[in-house]
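Before any comments, here is the structure.
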Amino acid sequence: MRAFLFPGQGSQKVGMGVDLAAASAAARAVFEEVDEALGQHLFRIMSEGPDDQLLLTENAQPAIMANAIATLRVLETEGGLRLAEKCDFVAGHSLGEYTALCAAGAFSLADTARLLKLRGQSMQAAVPVGIGAMAALLGADIEKATALAEAAATAPDGTTEVCVVANDNDPGQVVLSGHKAAIERAVALVKDHGIKRGVLLPVSAPFHCPLMAPAADAMAEALAATPPGPLSIALYANVTAAVVSDPAEAQRLLVEQVCGRVRWRETAIAMKAAGVEQVVELGGKVVAPMVARSAADVATTSVVTMADIEALLKTF
């Protein structure tokens with residue numbers, strides 16, 4: 001069994017998609033359709049920068065999606081790949097869940113781009129700059145990270161702030177999210193909890209925590225107006241690490257995902273238990289290695305370049 005995976009925020013970089021667009025009309029068509037749907041020259045920002053524009057959440061989210069779907073379209077149009085015949089499940093990390101649903105036919109490309117643009121804008125607007133933060137814990141399992149988050153949530157004056165596990169990525173990497181002061185306390189306390197290192201992340205908002213409630217409300221409204229359709233391939237959902245095939249359930253879980261934990265490690269374990277022997281990441285080289293660290297003996301492939309695409313097609 002095989003699963004196709006789609007990366008989340010952090011995998012963007014200036015120059016992404018340029019080689020694909022130069023080599024493939026199918027890839028160019030994806031970037032042009034996304035530009036038209038958004039009414040902006042997003043591919044120009046992807047190609048040329050500046051970096052600070054691409055890093056904006058409202059640009060990074062649709063850009064990462066577009067790059068992954070362009071990779072898929074090249075596989076489909078020039079390699080003859082039919083995704084539903086070549087994989088049993090799809091999954092995506094955070095925004096990548098929208099990409100996965102697009103790949104599974106539940107959202108059109110244009111709707112996916114518009115939803116992610118709104119998602120990025122809503123997440124940025126939910127918390128004023130400087131109020132929230134995120135930190136990666138290296139050498140931390142979920143038990144240690146949870147204990148640290150609970151300890152750091154209490155301020156010196158006894159008040160409670162938000163400090164929760166946002167991403168359970170793999171056995172050695174967990175990400176915390178919440179109020180800036182609480183996250184800074186967590187980083188200062190890592191050694192006390194047997195954790196190797198805590199690193200503040202260069203993000204513009206505290207994603208996947210209760211502070212994102214206004215963004216969840218915005219996405220609930222948007223998804224009610226643009227609900228997912230039938231899925232041609234079952235999805236492993238972030239917030240449950242379980243299989244979803246019902247569009248209404250997928251819609252509900254996308255709303256929960258804004259404030260909820262990305263259970264990527266548990267997803268990897270669940271996929272292996274279901275019989276998945278290979279995962280293929282399209283458009284990045286981040287989430288497949290996390291699966292390898294979480295579920296031993298699952299083969300991983302990351303597909304970014306035309307050479308990667310050609311190599312993958314030879315294996316089918």
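Residue numbers start at 1 in each chain; chains themselves are named A, B, ... in the order of the structure tokens; ligands are numbered from 1 in the order shown.
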
Exercise. Going by DSSP on the backbone, which bits of segment 7-87 of chain A are helix (DSSP H, G or I)? Write them as a ChimeraX atom specification, please.
Key: /A:18-23,25-38,42-48,51-55,57-79,83-86

Let me see the file: selected residues, C-alpha atoms, as an mmCIF file, in the first residue's frame.
```
data_model
loop_
_atom_site.group_PDB
_atom_site.id
_atom_site.type_symbol
_atom_site.label_atom_id
_atom_site.label_comp_id
_atom_site.auth_asym_id
_atom_site.auth_seq_id
_atom_site.Cartn_x
_atom_site.Cartn_y
_atom_site.Cartn_z
ATOM 1 C CA VAL A 18 10.544 27.606 -11.633
ATOM 2 C CA ASP A 19 12.204 24.508 -13.098
ATOM 3 C CA LEU A 20 8.884 22.655 -13.261
ATOM 4 C CA ALA A 21 7.259 25.556 -15.089
ATOM 5 C CA ALA A 22 10.151 25.762 -17.542
ATOM 6 C CA ALA A 23 9.951 22.066 -18.317
ATOM 7 C CA ALA A 25 3.140 23.111 -19.747
ATOM 8 C CA ALA A 26 1.053 21.231 -17.174
ATOM 9 C CA ALA A 27 2.968 22.860 -14.328
ATOM 10 C CA ARG A 28 2.697 26.302 -15.942
ATOM 11 C CA ALA A 29 -1.053 25.842 -16.241
ATOM 12 C CA VAL A 30 -1.329 25.190 -12.497
ATOM 13 C CA PHE A 31 0.569 28.345 -11.590
ATOM 14 C CA GLU A 32 -1.450 30.403 -14.078
ATOM 15 C CA GLU A 33 -4.760 29.071 -12.720
ATOM 16 C CA VAL A 34 -3.739 29.867 -9.130
ATOM 17 C CA ASP A 35 -2.684 33.392 -10.137
ATOM 18 C CA GLU A 36 -6.036 33.917 -11.857
ATOM 19 C CA ALA A 37 -8.014 32.530 -8.906
ATOM 20 C CA LEU A 38 -6.231 34.822 -6.453
ATOM 21 C CA LEU A 42 1.789 34.701 -6.866
ATOM 22 C CA PHE A 43 4.053 32.732 -9.192
ATOM 23 C CA ARG A 44 6.188 35.819 -9.724
ATOM 24 C CA ILE A 45 6.689 35.999 -5.938
ATOM 25 C CA MET A 46 7.460 32.268 -5.883
ATOM 26 C CA SER A 47 9.959 32.706 -8.702
ATOM 27 C CA GLU A 48 11.629 35.993 -7.851
ATOM 28 C CA ASP A 51 11.655 36.503 0.375
ATOM 29 C CA ASP A 52 9.643 38.510 2.897
ATOM 30 C CA GLN A 53 6.637 38.468 0.545
ATOM 31 C CA LEU A 54 6.800 34.719 0.055
ATOM 32 C CA LEU A 55 7.122 34.206 3.804
ATOM 33 C CA THR A 57 1.383 33.302 5.551
ATOM 34 C CA GLU A 58 -1.262 34.383 3.039
ATOM 35 C CA ASN A 59 1.237 33.855 0.184
ATOM 36 C CA ALA A 60 3.184 30.882 1.540
ATOM 37 C CA GLN A 61 0.122 28.672 2.000
ATOM 38 C CA PRO A 62 -1.263 28.835 -1.572
ATOM 39 C CA ALA A 63 2.294 28.820 -2.982
ATOM 40 C CA ILE A 64 3.235 25.559 -1.268
ATOM 41 C CA MET A 65 -0.045 24.025 -2.420
ATOM 42 C CA ALA A 66 0.449 25.209 -6.010
ATOM 43 C CA ASN A 67 3.961 23.789 -6.159
ATOM 44 C CA ALA A 68 2.798 20.380 -4.909
ATOM 45 C CA ILE A 69 -0.203 20.228 -7.249
ATOM 46 C CA ALA A 70 2.021 21.288 -10.177
ATOM 47 C CA THR A 71 4.263 18.328 -9.356
ATOM 48 C CA LEU A 72 1.228 16.052 -9.317
ATOM 49 C CA ARG A 73 -0.082 17.426 -12.620
ATOM 50 C CA VAL A 74 3.253 16.713 -14.311
ATOM 51 C CA LEU A 75 3.088 13.140 -13.033
ATOM 52 C CA GLU A 76 -0.470 12.831 -14.312
ATOM 53 C CA THR A 77 -0.207 14.504 -17.710
ATOM 54 C CA GLU A 78 3.307 13.579 -18.777
ATOM 55 C CA GLY A 79 3.740 10.340 -16.869
ATOM 56 C CA LEU A 83 -3.374 8.947 -8.439
ATOM 57 C CA ALA A 84 -6.368 6.855 -7.365
ATOM 58 C CA GLU A 85 -4.746 3.819 -9.001
ATOM 59 C CA LYS A 86 -1.304 4.389 -7.498
#
```

Proximity of segment 33-119 of chain A to segment 199-219 of chain A: per-residue shortest pair, 10 Å limit, only C-alpha atoms, as a tab-separated table:
```
residue	atom	partner	partner_atom	distance
A:Leu55	CA	A:Val203	CA	8.8
A:Leu56	CA	A:Ser204	CA	7.9
A:Thr57	CA	A:Ser204	CA	7.6
A:Ser94	CA	A:His208	CA	8.7
A:Leu115	CA	A:Met219	CA	8.0
A:Leu116	CA	A:Met219	CA	9.5
A:Leu118	CA	A:Met219	CA	7.8
A:Arg119	CA	A:Met219	CA	6.6
```

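Closest approach to Gln12 of chain A among A:Leu313, A:Val286, A:Val187, A:Ala299: A:Val286, based on only C-alpha atoms.
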
Quiz item: Excluding same-chain residues fewer than 4 positions from segment 142-145 of chain A, what lies within 10 Å of it counting only C-alpha atoms, as an NGL selection string?
Solution: :A and (136-138 or 149-151 or 164-165 or 167-176 or 186 or 190 or 193-195 or 265)

Practice problem: Mind checking which residues fall within 7 Å of segment 103-110 of chain A, counting only C-alpha atoms, ignoring those fewer than 2 positions away in the same chain, and posting them as a ChimeraX atom specification? | Solution: /A:33-34,37,99-101,112-114,228-233

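Across the model, the gap from atom CA of Leu282 of chain A to atom CA of Val304 of chain A is 6.4 Å.
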